[in-house]
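Enquirer: Dropping in protein28.pdb, which is PDB, C-alpha atoms and all ligand atoms:
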```pdb
ATOM      1  CA  MET A 239     143.279 149.700 209.436
ATOM      2  CA  HIS A 240     141.578 147.198 211.762
ATOM      3  CA  SER A 241     139.733 148.508 214.772
ATOM      4  CA  ASN A 242     138.899 146.419 217.841
ATOM      5  CA  LEU A 243     141.699 143.890 217.561
ATOM      6  CA  PRO A 244     141.791 141.768 220.732
ATOM      7  CA  SER A 245     144.701 142.189 223.158
ATOM      8  CA  GLY A 246     147.863 140.385 222.112
ATOM      9  CA  ILE A 247     147.492 141.368 218.424
ATOM     10  CA  ASN A 248     149.369 144.348 217.005
ATOM     11  CA  GLN A 249     148.989 145.654 213.525
ATOM     12  CA  GLN A 250     152.263 146.607 211.794
ATOM     13  CA  TRP A 251     153.501 147.429 208.310
ATOM     14  CA  LEU A 252     156.535 145.840 206.719
ATOM     15  CA  ALA A 253     158.153 148.677 204.812
ATOM     16  CA  SER A 254     159.026 148.310 201.173
ATOM     17  CA  GLU A 255     161.227 150.610 199.117
ATOM     18  CA  ALA A 256     159.481 149.350 196.035
ATOM     19  CA  GLY A 257     155.956 150.552 196.862
ATOM     20  CA  PRO A 258     153.160 150.232 199.412
ATOM     21  CA  ALA A 259     154.033 148.250 202.549
ATOM     22  CA  ILE A 260     152.558 144.912 203.571
ATOM     23  CA  GLU A 261     150.243 144.756 206.567
ATOM     24  CA  VAL A 262     151.034 142.137 209.189
ATOM     25  CA  LEU A 263     149.453 141.077 212.468
ATOM     26  CA  VAL A 264     151.927 140.364 215.256
ATOM     27  CA  ILE A 265     150.614 137.972 217.887
ATOM     28  CA  LYS A 266     151.863 137.238 221.370
ATOM     29  CA  ASN A 267     149.959 135.017 223.782
ATOM     30  CA  SER A 268     150.789 132.493 226.490
ATOM     31  CA  TRP A 269     151.271 129.763 223.894
ATOM     32  CA  CYS A 270     153.227 131.274 221.030
ATOM     33  CA  ASP A 271     154.609 134.232 219.081
ATOM     34  CA  ALA A 272     153.463 134.601 215.484
ATOM     35  CA  VAL A 273     153.312 136.985 212.523
ATOM     36  CA  ILE A 274     150.660 136.766 209.808
ATOM     37  CA  ALA A 275     150.617 138.831 206.594
ATOM     38  CA  CYS A 276     147.220 139.914 205.248
ATOM     39  CA  GLN A 277     148.656 139.381 201.771
ATOM     40  CA  GLY A 278     147.999 135.713 201.101
ATOM     41  CA  ALA A 279     146.734 135.219 204.702
ATOM     42  CA  GLN A 280     150.306 133.967 205.005
ATOM     43  CA  VAL A 281     151.764 132.846 208.320
ATOM     44  CA  LEU A 282     155.336 134.242 208.309
ATOM     45  CA  HIS A 283     156.451 133.214 211.778
ATOM     46  CA  TYR A 284     155.205 130.757 214.383
ATOM     47  CA  GLN A 285     157.133 129.881 217.522
ATOM     48  CA  PRO A 286     155.582 127.879 220.356
ATOM     49  CA  LYS A 287     156.713 129.126 223.797
ATOM     50  CA  GLN A 288     160.093 127.742 224.970
ATOM     51  CA  LYS A 289     160.677 126.125 221.554
ATOM     52  CA  LEU A 290     162.485 127.015 218.340
ATOM     53  CA  PRO A 291     160.584 128.675 215.469
ATOM     54  CA  ILE A 292     158.863 126.173 213.173
ATOM     55  CA  LEU A 293     158.979 128.258 209.990
ATOM     56  CA  TRP A 294     161.818 129.656 207.879
ATOM     57  CA  LEU A 295     161.482 133.175 206.429
ATOM     58  CA  SER A 296     163.982 134.733 204.034
ATOM     59  CA  ASP A 297     165.976 137.696 205.382
ATOM     60  CA  THR A 298     166.023 139.340 201.969
ATOM     61  CA  ASN A 299     162.283 139.622 201.245
ATOM     62  CA  GLN A 300     161.430 143.080 199.923
ATOM     63  CA  PHE A 301     157.832 142.747 201.174
ATOM     64  CA  GLN A 302     156.617 144.296 197.994
ATOM     65  CA  ARG A 303     152.851 144.221 197.641
ATOM     66  CA  GLY A 304     151.736 141.763 194.965
ATOM     67  CA  LYS A 305     155.046 139.851 195.011
ATOM     68  CA  ALA A 306     155.211 136.387 196.618
ATOM     69  CA  ILE A 307     156.893 136.382 200.046
ATOM     70  CA  ARG A 308     159.602 133.701 200.312
ATOM     71  CA  GLY A 309     159.084 131.719 203.524
ATOM     72  CA  GLY A 310     156.411 130.995 206.106
ATOM     73  CA  ILE A 311     153.352 129.302 204.618
ATOM     74  CA  PRO A 312     152.372 130.720 201.218
ATOM     75  CA  LEU A 313     149.180 129.202 199.853
ATOM     76  CA  CYS A 314     149.322 127.915 196.279
ATOM     77  CA  PHE A 315     145.794 128.265 194.828
ATOM     78  CA  PRO A 316     143.900 127.716 192.513
ATOM     79  CA  TRP A 317     146.678 125.827 190.772
ATOM     80  CA  PHE A 318     150.008 124.419 191.848
ATOM     81  CA  GLY A 319     153.243 125.065 189.932
ATOM     82  CA  LYS A 320     152.922 126.156 186.314
ATOM     83  CA  HIS A 321     149.397 126.734 185.018
ATOM     84  CA  PRO A 322     148.597 123.592 182.972
ATOM     85  CA  HIS A 323     147.596 125.491 179.783
ATOM     86  CA  GLN A 324     148.933 129.047 180.163
ATOM     87  CA  PRO A 325     152.547 128.970 181.409
ATOM     88  CA  ASP A 326     152.692 132.791 181.487
ATOM     89  CA  LEU A 327     150.185 132.915 184.383
ATOM     90  CA  PRO A 328     151.698 133.242 187.902
ATOM     91  CA  SER A 329     153.419 130.130 189.208
ATOM     92  CA  HIS A 330     151.451 128.506 192.076
ATOM     93  CA  GLY A 331     148.286 130.530 191.332
ATOM     94  CA  PHE A 332     147.431 134.002 192.589
ATOM     95  CA  ALA A 333     146.236 133.569 196.198
ATOM     96  CA  ARG A 334     149.669 134.219 197.747
ATOM     97  CA  GLN A 335     150.016 137.584 195.960
ATOM     98  CA  MET A 336     146.582 138.942 196.863
ATOM     99  CA  GLU A 337     145.247 140.844 199.830
ATOM    100  CA  TRP A 338     142.873 138.721 201.946
ATOM    101  CA  GLN A 339     140.263 140.422 204.143
ATOM    102  CA  LEU A 340     140.465 139.877 207.870
ATOM    103  CA  GLN A 341     136.903 138.929 208.818
ATOM    104  CA  GLN A 342     137.329 138.035 212.444
ATOM    105  CA  ALA A 343     139.996 138.173 215.143
ATOM    106  CA  SER A 344     139.344 136.745 218.583
ATOM    107  CA  GLU A 345     141.122 135.476 221.642
ATOM    108  CA  ASN A 346     140.329 132.814 224.217
ATOM    109  CA  ILE A 347     142.184 130.769 226.783
ATOM    110  CA  GLN A 348     143.664 128.559 224.051
ATOM    111  CA  GLY A 349     145.127 131.382 221.960
ATOM    112  CA  HIS A 350     144.153 133.684 219.098
ATOM    113  CA  HIS A 351     141.964 132.954 216.139
ATOM    114  CA  LEU A 352     142.037 134.838 212.813
ATOM    115  CA  SER A 353     139.723 134.328 209.898
ATOM    116  CA  PHE A 354     140.622 135.661 206.417
ATOM    117  CA  VAL A 355     138.602 135.561 203.217
ATOM    118  CA  LEU A 356     139.418 135.954 199.515
ATOM    119  CA  LYS A 357     136.538 136.268 197.045
ATOM    120  CA  ASP A 358     136.642 136.472 193.281
ATOM    121  CA  ASN A 359     137.113 140.037 192.038
ATOM    122  CA  ALA A 360     138.176 141.807 188.839
ATOM    123  CA  ALA A 361     141.845 140.786 189.331
ATOM    124  CA  THR A 362     141.127 137.099 190.055
ATOM    125  CA  ARG A 363     138.605 136.938 187.174
ATOM    126  CA  LEU A 364     141.327 137.980 184.723
ATOM    127  CA  LEU A 365     143.425 134.990 185.797
ATOM    128  CA  TRP A 366     140.705 132.451 186.625
ATOM    129  CA  ASP A 367     137.177 133.254 185.523
ATOM    130  CA  TYR A 368     135.145 131.620 188.319
ATOM    131  CA  GLY A 369     133.106 132.781 191.295
ATOM    132  CA  PHE A 370     134.598 131.473 194.550
ATOM    133  CA  GLU A 371     135.027 132.227 198.210
ATOM    134  CA  ALA A 372     138.152 130.948 199.966
ATOM    135  CA  THR A 373     138.489 131.125 203.749
ATOM    136  CA  MET A 374     141.608 130.646 205.845
ATOM    137  CA  ASP A 375     140.987 130.143 209.577
ATOM    138  CA  ILE A 376     144.197 130.321 211.586
ATOM    139  CA  HIS A 377     144.423 129.271 215.219
ATOM    140  CA  LEU A 378     147.575 130.333 217.068
ATOM    141  CA  GLY A 379     147.901 128.350 220.278
ATOM    142  CA  ASN A 380     150.200 125.590 221.514
ATOM    143  CA  GLN A 381     150.016 124.336 217.944
ATOM    144  CA  LEU A 382     149.338 126.129 214.679
ATOM    145  CA  GLU A 383     146.057 125.009 213.122
ATOM    146  CA  ILE A 384     144.934 126.222 209.715
ATOM    147  CA  ASN A 385     141.648 125.411 208.085
ATOM    148  CA  PHE A 386     141.282 126.217 204.382
ATOM    149  CA  GLN A 387     137.841 126.216 202.822
ATOM    150  CA  VAL A 388     136.800 126.714 199.208
ATOM    151  CA  HIS A 389     133.195 127.446 198.268
ATOM    152  CA  ASN A 390     131.992 127.456 194.659
ATOM    153  CA  THR A 391     129.776 130.570 194.257
ATOM    154  CA  ASP A 392     129.650 130.135 190.465
ATOM    155  CA  CYS A 393     126.900 128.539 188.401
ATOM    156  CA  GLN A 394     129.357 126.121 186.791
ATOM    157  CA  PRO A 395     131.735 123.557 188.288
ATOM    158  CA  PHE A 396     135.451 124.349 188.564
ATOM    159  CA  GLU A 397     138.614 122.393 189.220
ATOM    160  CA  PHE A 398     141.357 123.651 191.482
ATOM    161  CA  GLY A 399     144.633 122.509 192.994
ATOM    162  CA  PHE A 400     146.220 123.865 196.158
ATOM    163  CA  ALA A 401     149.080 123.393 198.606
ATOM    164  CA  TRP A 402     150.361 124.984 201.771
ATOM    165  CA  HIS A 403     153.885 125.634 200.555
ATOM    166  CA  SER A 404     155.328 125.494 204.106
ATOM    167  CA  TYR A 405     158.989 126.473 204.545
ATOM    168  CA  PHE A 406     160.249 124.705 207.663
ATOM    169  CA  ALA A 407     163.225 125.994 209.659
ATOM    170  CA  ILE A 408     165.811 123.232 210.036
ATOM    171  CA  GLN A 409     169.237 123.110 211.629
ATOM    172  CA  ASP A 410     171.048 121.536 208.676
ATOM    173  CA  ILE A 411     169.654 119.935 205.520
ATOM    174  CA  ASN A 412     172.529 117.422 205.573
ATOM    175  CA  GLN A 413     171.307 116.076 208.919
ATOM    176  CA  THR A 414     167.600 116.230 208.155
ATOM    177  CA  GLN A 415     165.149 113.361 207.715
ATOM    178  CA  VAL A 416     161.483 113.323 206.779
ATOM    179  CA  HIS A 417     159.477 110.431 208.182
ATOM    180  CA  GLY A 418     156.029 109.349 206.980
ATOM    181  CA  LEU A 419     156.525 109.013 203.219
ATOM    182  CA  GLU A 420     158.401 105.700 203.173
ATOM    183  CA  GLN A 421     157.186 103.014 200.762
ATOM    184  CA  LEU A 422     155.132 105.511 198.735
ATOM    185  CA  ALA A 423     155.491 106.091 195.001
ATOM    186  CA  PHE A 424     156.591 109.594 194.026
ATOM    187  CA  LEU A 425     157.146 111.659 190.912
ATOM    188  CA  ASP A 426     160.718 112.913 190.787
ATOM    189  CA  GLN A 427     160.310 116.325 189.141
ATOM    190  CA  LEU A 428     164.045 116.406 188.399
ATOM    191  CA  SER A 429     164.147 113.109 186.574
ATOM    192  CA  PRO A 430     163.464 113.066 182.815
ATOM    193  CA  ASP A 431     161.740 109.662 182.963
ATOM    194  CA  GLY A 432     158.480 111.054 184.507
ATOM    195  CA  GLY A 433     155.807 108.872 186.136
ATOM    196  CA  TYR A 434     155.231 107.844 189.741
ATOM    197  CA  SER A 435     157.742 105.024 189.527
ATOM    198  CA  HIS A 436     160.134 105.964 192.324
ATOM    199  CA  VAL A 437     159.827 104.476 195.816
ATOM    200  CA  GLU A 438     162.128 104.760 198.836
ATOM    201  CA  THR A 439     161.974 102.428 201.791
ATOM    202  CA  GLN A 440     163.819 104.679 204.262
ATOM    203  CA  PRO A 441     162.951 108.128 205.681
ATOM    204  CA  ILE A 442     163.969 110.835 203.194
ATOM    205  CA  ARG A 443     167.517 112.182 203.533
ATOM    206  CA  PHE A 444     168.986 115.006 201.454
ATOM    207  CA  SER A 445     172.258 115.195 199.545
ATOM    208  CA  SER A 446     171.271 117.160 196.409
ATOM    209  CA  GLU A 447     168.401 119.197 194.927
ATOM    210  CA  THR A 448     165.116 117.435 195.738
ATOM    211  CA  ASP A 449     161.714 118.066 194.156
ATOM    212  CA  ARG A 450     159.211 115.242 194.595
ATOM    213  CA  ILE A 451     155.446 114.892 194.411
ATOM    214  CA  TYR A 452     153.725 112.160 196.419
ATOM    215  CA  GLN A 453     150.060 111.516 195.616
ATOM    216  CA  GLN A 454     149.016 108.865 198.143
ATOM    217  CA  ALA A 455     150.332 110.424 201.291
ATOM    218  CA  GLY A 456     148.939 109.369 204.677
ATOM    219  CA  GLY A 457     148.694 112.804 206.342
ATOM    220  CA  HIS A 458     151.247 112.529 209.207
ATOM    221  CA  TYR A 459     154.914 113.452 208.878
ATOM    222  CA  GLU A 460     157.832 114.305 211.074
ATOM    223  CA  ILE A 461     160.916 116.373 210.237
ATOM    224  CA  SER A 462     163.978 115.755 212.386
ATOM    225  CA  SER A 463     167.176 117.783 212.029
ATOM    226  CA  GLY A 464     170.279 117.401 214.201
ATOM    227  CA  GLN A 465     169.691 117.962 217.905
ATOM    228  CA  GLU A 466     166.518 120.016 217.426
ATOM    229  CA  SER A 467     163.141 118.764 218.604
ATOM    230  CA  PRO A 468     161.186 117.332 215.635
ATOM    231  CA  ILE A 469     158.495 119.213 213.741
ATOM    232  CA  TYR A 470     155.164 117.379 213.409
ATOM    233  CA  ILE A 471     152.918 117.936 210.393
ATOM    234  CA  ASP A 472     149.320 116.699 210.229
ATOM    235  CA  ALA A 473     147.194 117.214 207.134
ATOM    236  CA  PRO A 474     144.792 114.280 207.124
ATOM    237  CA  GLU A 475     142.702 115.264 204.062
ATOM    238  CA  CYS A 476     145.668 116.190 201.876
ATOM    239  CA  SER A 477     146.691 113.214 199.736
ATOM    240  CA  SER A 478     149.376 115.218 197.859
ATOM    241  CA  VAL A 479     152.723 116.174 199.387
ATOM    242  CA  VAL A 480     155.610 117.967 197.704
ATOM    243  CA  VAL A 481     159.090 117.725 199.227
ATOM    244  CA  TRP A 482     161.438 120.435 197.991
ATOM    245  CA  ASN A 483     164.893 121.791 198.689
ATOM    246  CA  PRO A 484     166.602 123.755 195.883
ATOM    247  CA  TRP A 485     170.216 123.057 196.987
ATOM    248  CA  ALA A 486     172.958 125.603 196.238
ATOM    249  CA  GLU A 487     172.740 126.187 192.509
ATOM    250  CA  LYS A 488     168.949 126.608 192.185
ATOM    251  CA  ALA A 489     168.827 128.629 195.431
ATOM    252  CA  HIS A 490     171.211 131.160 193.854
ATOM    253  CA  ARG A 491     169.056 131.345 190.735
ATOM    254  CA  LEU A 492     165.829 131.899 192.681
ATOM    255  CA  GLY A 493     165.130 135.118 194.526
ATOM    256  CA  ASP A 494     165.380 135.524 198.297
ATOM    257  CA  ILE A 495     167.372 132.426 199.263
ATOM    258  CA  PRO A 496     170.696 134.173 199.988
ATOM    259  CA  GLY A 497     174.069 132.596 200.815
ATOM    260  CA  ASP A 498     173.774 129.173 202.365
ATOM    261  CA  SER A 499     170.291 129.777 203.811
ATOM    262  CA  TRP A 500     168.978 126.928 201.603
ATOM    263  CA  LYS A 501     170.662 124.595 204.128
ATOM    264  CA  HIS A 502     168.297 125.835 206.827
ATOM    265  CA  MET A 503     164.985 125.478 204.980
ATOM    266  CA  LEU A 504     162.928 122.536 203.780
ATOM    267  CA  CYS A 505     159.525 122.651 202.113
ATOM    268  CA  VAL A 506     157.034 119.882 202.871
ATOM    269  CA  GLU A 507     153.907 121.046 201.064
ATOM    270  CA  CYS A 508     150.557 119.397 201.805
ATOM    271  CA  GLY A 509     147.561 119.817 199.510
ATOM    272  CA  LYS A 510     145.625 118.416 196.562
ATOM    273  CA  LEU A 511     147.342 118.991 193.242
ATOM    274  CA  ASP A 512     147.909 117.809 189.683
ATOM    275  CA  LYS A 513     146.096 114.502 189.295
ATOM    276  CA  ALA A 514     144.526 114.967 192.767
ATOM    277  CA  ASN A 515     142.985 118.345 191.777
ATOM    278  CA  VAL A 516     139.521 118.917 193.265
ATOM    279  CA  LEU A 517     136.343 119.265 191.191
ATOM    280  CA  LEU A 518     133.835 121.495 192.952
ATOM    281  CA  GLU A 519     130.188 121.741 191.858
ATOM    282  CA  PRO A 520     128.197 125.008 192.177
ATOM    283  CA  GLY A 521     127.222 125.618 195.820
ATOM    284  CA  GLN A 522     129.649 122.987 197.133
ATOM    285  CA  THR A 523     132.278 123.625 199.844
ATOM    286  CA  VAL A 524     135.374 121.604 200.727
ATOM    287  CA  SER A 525     137.756 122.078 203.631
ATOM    288  CA  TYR A 526     141.255 120.940 204.564
ATOM    289  CA  GLN A 527     143.249 121.172 207.750
ATOM    290  CA  LEU A 528     146.946 121.624 208.497
ATOM    291  CA  VAL A 529     148.323 121.313 212.034
ATOM    292  CA  LEU A 530     151.967 122.053 212.893
ATOM    293  CA  SER A 531     153.635 121.511 216.242
ATOM    294  CA  ARG A 532     157.030 120.880 217.771
TER     295      ARG A 532
HETATM  296  O1  LIG B 601     159.712 130.113 193.415
HETATM  297  P1  LIG B 601     158.326 129.580 193.658
HETATM  298  O2  LIG B 601     157.327 129.942 192.578
HETATM  299  O3  LIG B 601     157.817 129.956 195.040
HETATM  300  O4  LIG B 601     158.450 127.999 193.614
HETATM  301  C1  LIG B 601     159.398 127.352 194.377
HETATM  302  C2  LIG B 601     159.337 125.831 194.228
HETATM  303  O5  LIG B 601     158.095 125.378 194.674
HETATM  304  C3  LIG B 601     158.000 123.950 194.790
HETATM  305  O6  LIG B 601     156.744 123.624 195.244
HETATM  306  C4  LIG B 601     158.204 123.327 193.429
HETATM  307  O7  LIG B 601     158.126 121.916 193.551
HETATM  308  C5  LIG B 601     159.537 123.778 192.856
HETATM  309  O8  LIG B 601     159.703 123.215 191.567
HETATM  310  C6  LIG B 601     159.598 125.299 192.817
HETATM  311  O9  LIG B 601     160.860 125.733 192.352
END
```
Is it possible to express this structure as structure tokens?

Expert:
Amino acid sequence: MHSNLPSGINQQWLASEAGPAIEVLVIKNSWCDAVIACQGAQVLHYQPKQKLPILWLSDTNQFQRGKAIRGGIPLCFPWFGKHPHQPDLPSHGFARQMEWQLQQASENIQGHHLSFVLKDNAATRLLWDYGFEATMDIHLGNQLEINFQVHNTDCQPFEFGFAWHSYFAIQDINQTQVHGLEQLAFLDQLSPDGGYSHVETQPIRFSSETDRIYQQAGGHYEISSGQESPIYIDAPECSSVVVWNPWAEKAHRLGDIPGDSWKHMLCVECGKLDKANVLLEPGQTVSYQLVLSR
């Protein structure tokens, strides 16, 4: 229970039949409406005033503590995708399944500001045996700004990968385009040939399952879909971008993408991953920023 939350923030619990509920902070200010889960410090909803929501969130989430929430902005950390040596470890790391501590919540004329921290503990040590402190600073104003910081508190270096696995709300995948990744080599995760040998000259359009990793991304992208106003994504320090839509068949295999809801979601995931993983020396800190607007 958090005492002294500033006005405009309400603490709520998302009920789960499967066990303890998930704590969320519901924010309303003159700029936006938003919902943030303390599990994963995960933004679940962000809607600038007079505009459509920017993020997609599954209707069928069970909000079961310790289980990844499908939608919003889960953070993949300290690895992306399958663990490189131990495939039985959780996909996309453990940060999205863990409870982050709310350290600070404040309000000013530009909106609300929340600061969450996750430090190594017995559970993280079992999965990744390093001392670390990760901070997620979230500003909820006329744009959504997230600053992610990793500090190495260990006495040895470690390597990590991360991505904001953002699920964007789109009108129709068949009418959607992503601008900003033209002319860049990408790894097609669905193609058996491997390697960063694929390049497209036009904005990305979608007509089947798509799962691509770009490693030399420029940091500025735009998603346009039908008549809706575009979504702008800025992540200047993130050279890796994953573009993912599961299409019908994989959506039905995965949890929490019911019916044709896969047509209304698109993941554009900014971070540093795979061959762009970050090596952090003891005592060092690195930080990355993500800004979303519409
Ligand atoms: O179901 P998860 O673990 O959230 O992962 C969803 C997807 O995440 C994407 O980032 C990957 O590129 C996909 O291959 C994967 O299927």

Enquirer: Pick out the closest residue to ligand LIG 601 (chain B) from this set: A:Ile469, A:Val481, A:Leu518, A:Ala279. Count all atoms listed in the file.

Expert: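 Comparing A:Ile469, A:Val481, A:Leu518, A:Ala279 against ligand LIG 601 (chain B), the winner is A:Val481.
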
Enquirer: Of the residues A:Cys270, A:Leu528, A:Met336, A:Leu313, which is the one nearest to ligand LIG 601 (chain B), using only C-alpha atoms and all ligand atoms?

Expert: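 Result for the nearest residue to ligand LIG 601 (chain B): A:Leu313.
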
Enquirer: Mind telling me what the PyMOL selection byres (((chain A and resi 293) around 12) and not hetatm) catches here, as number ranges by chain?

Expert: A: 271-274, 280-286, 289-292, 294-296, 308-312, 382, 403-409, 469, 471, 502-506, 530-532

Enquirer: Tell me which protein, DNA and RNA residues are within 10 Å of region 248-252 of chain A, counting only C-alpha atoms, leaving out same-chain ones fewer than 2 positions away, and put them as a VMD selection string.

Expert: chain A and resid 239 to 241 243 to 246 254 258 to 266 273 to 275 300 to 303

Enquirer: Counting all atoms listed in the file, what residues are within 10 Å of ligand LIG 601 (chain B), given as number ranges by chain?

Expert: A: 306-309, 312-314, 318-320, 328-331, 334, 401-405, 426-428, 448-451, 479-484, 488-489, 491-495, 505-508

Enquirer: Dump C-alpha atoms for the selected residues as a CSV table (one decimal), keeping the file's coordinate frame?

Expert:
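Heads up, here's the output in again31.csv:
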```
chain,number,residue,atom,x,y,z
A,306,ALA,CA,155.2,136.4,196.6
A,307,ILE,CA,156.9,136.4,200.0
A,308,ARG,CA,159.6,133.7,200.3
A,309,GLY,CA,159.1,131.7,203.5
A,312,PRO,CA,152.4,130.7,201.2
A,313,LEU,CA,149.2,129.2,199.9
A,314,CYS,CA,149.3,127.9,196.3
A,318,PHE,CA,150.0,124.4,191.8
A,319,GLY,CA,153.2,125.1,189.9
A,320,LYS,CA,152.9,126.2,186.3
A,328,PRO,CA,151.7,133.2,187.9
A,329,SER,CA,153.4,130.1,189.2
A,330,HIS,CA,151.5,128.5,192.1
A,331,GLY,CA,148.3,130.5,191.3
A,334,ARG,CA,149.7,134.2,197.7
A,401,ALA,CA,149.1,123.4,198.6
A,402,TRP,CA,150.4,125.0,201.8
A,403,HIS,CA,153.9,125.6,200.6
A,404,SER,CA,155.3,125.5,204.1
A,405,TYR,CA,159.0,126.5,204.5
A,426,ASP,CA,160.7,112.9,190.8
A,427,GLN,CA,160.3,116.3,189.1
A,428,LEU,CA,164.0,116.4,188.4
A,448,THR,CA,165.1,117.4,195.7
A,449,ASP,CA,161.7,118.1,194.2
A,450,ARG,CA,159.2,115.2,194.6
A,451,ILE,CA,155.4,114.9,194.4
A,479,VAL,CA,152.7,116.2,199.4
A,480,VAL,CA,155.6,118.0,197.7
A,481,VAL,CA,159.1,117.7,199.2
A,482,TRP,CA,161.4,120.4,198.0
A,483,ASN,CA,164.9,121.8,198.7
A,484,PRO,CA,166.6,123.8,195.9
A,488,LYS,CA,168.9,126.6,192.2
A,489,ALA,CA,168.8,128.6,195.4
A,491,ARG,CA,169.1,131.3,190.7
A,492,LEU,CA,165.8,131.9,192.7
A,493,GLY,CA,165.1,135.1,194.5
A,494,ASP,CA,165.4,135.5,198.3
A,495,ILE,CA,167.4,132.4,199.3
A,505,CYS,CA,159.5,122.7,202.1
A,506,VAL,CA,157.0,119.9,202.9
A,507,GLU,CA,153.9,121.0,201.1
A,508,CYS,CA,150.6,119.4,201.8
```
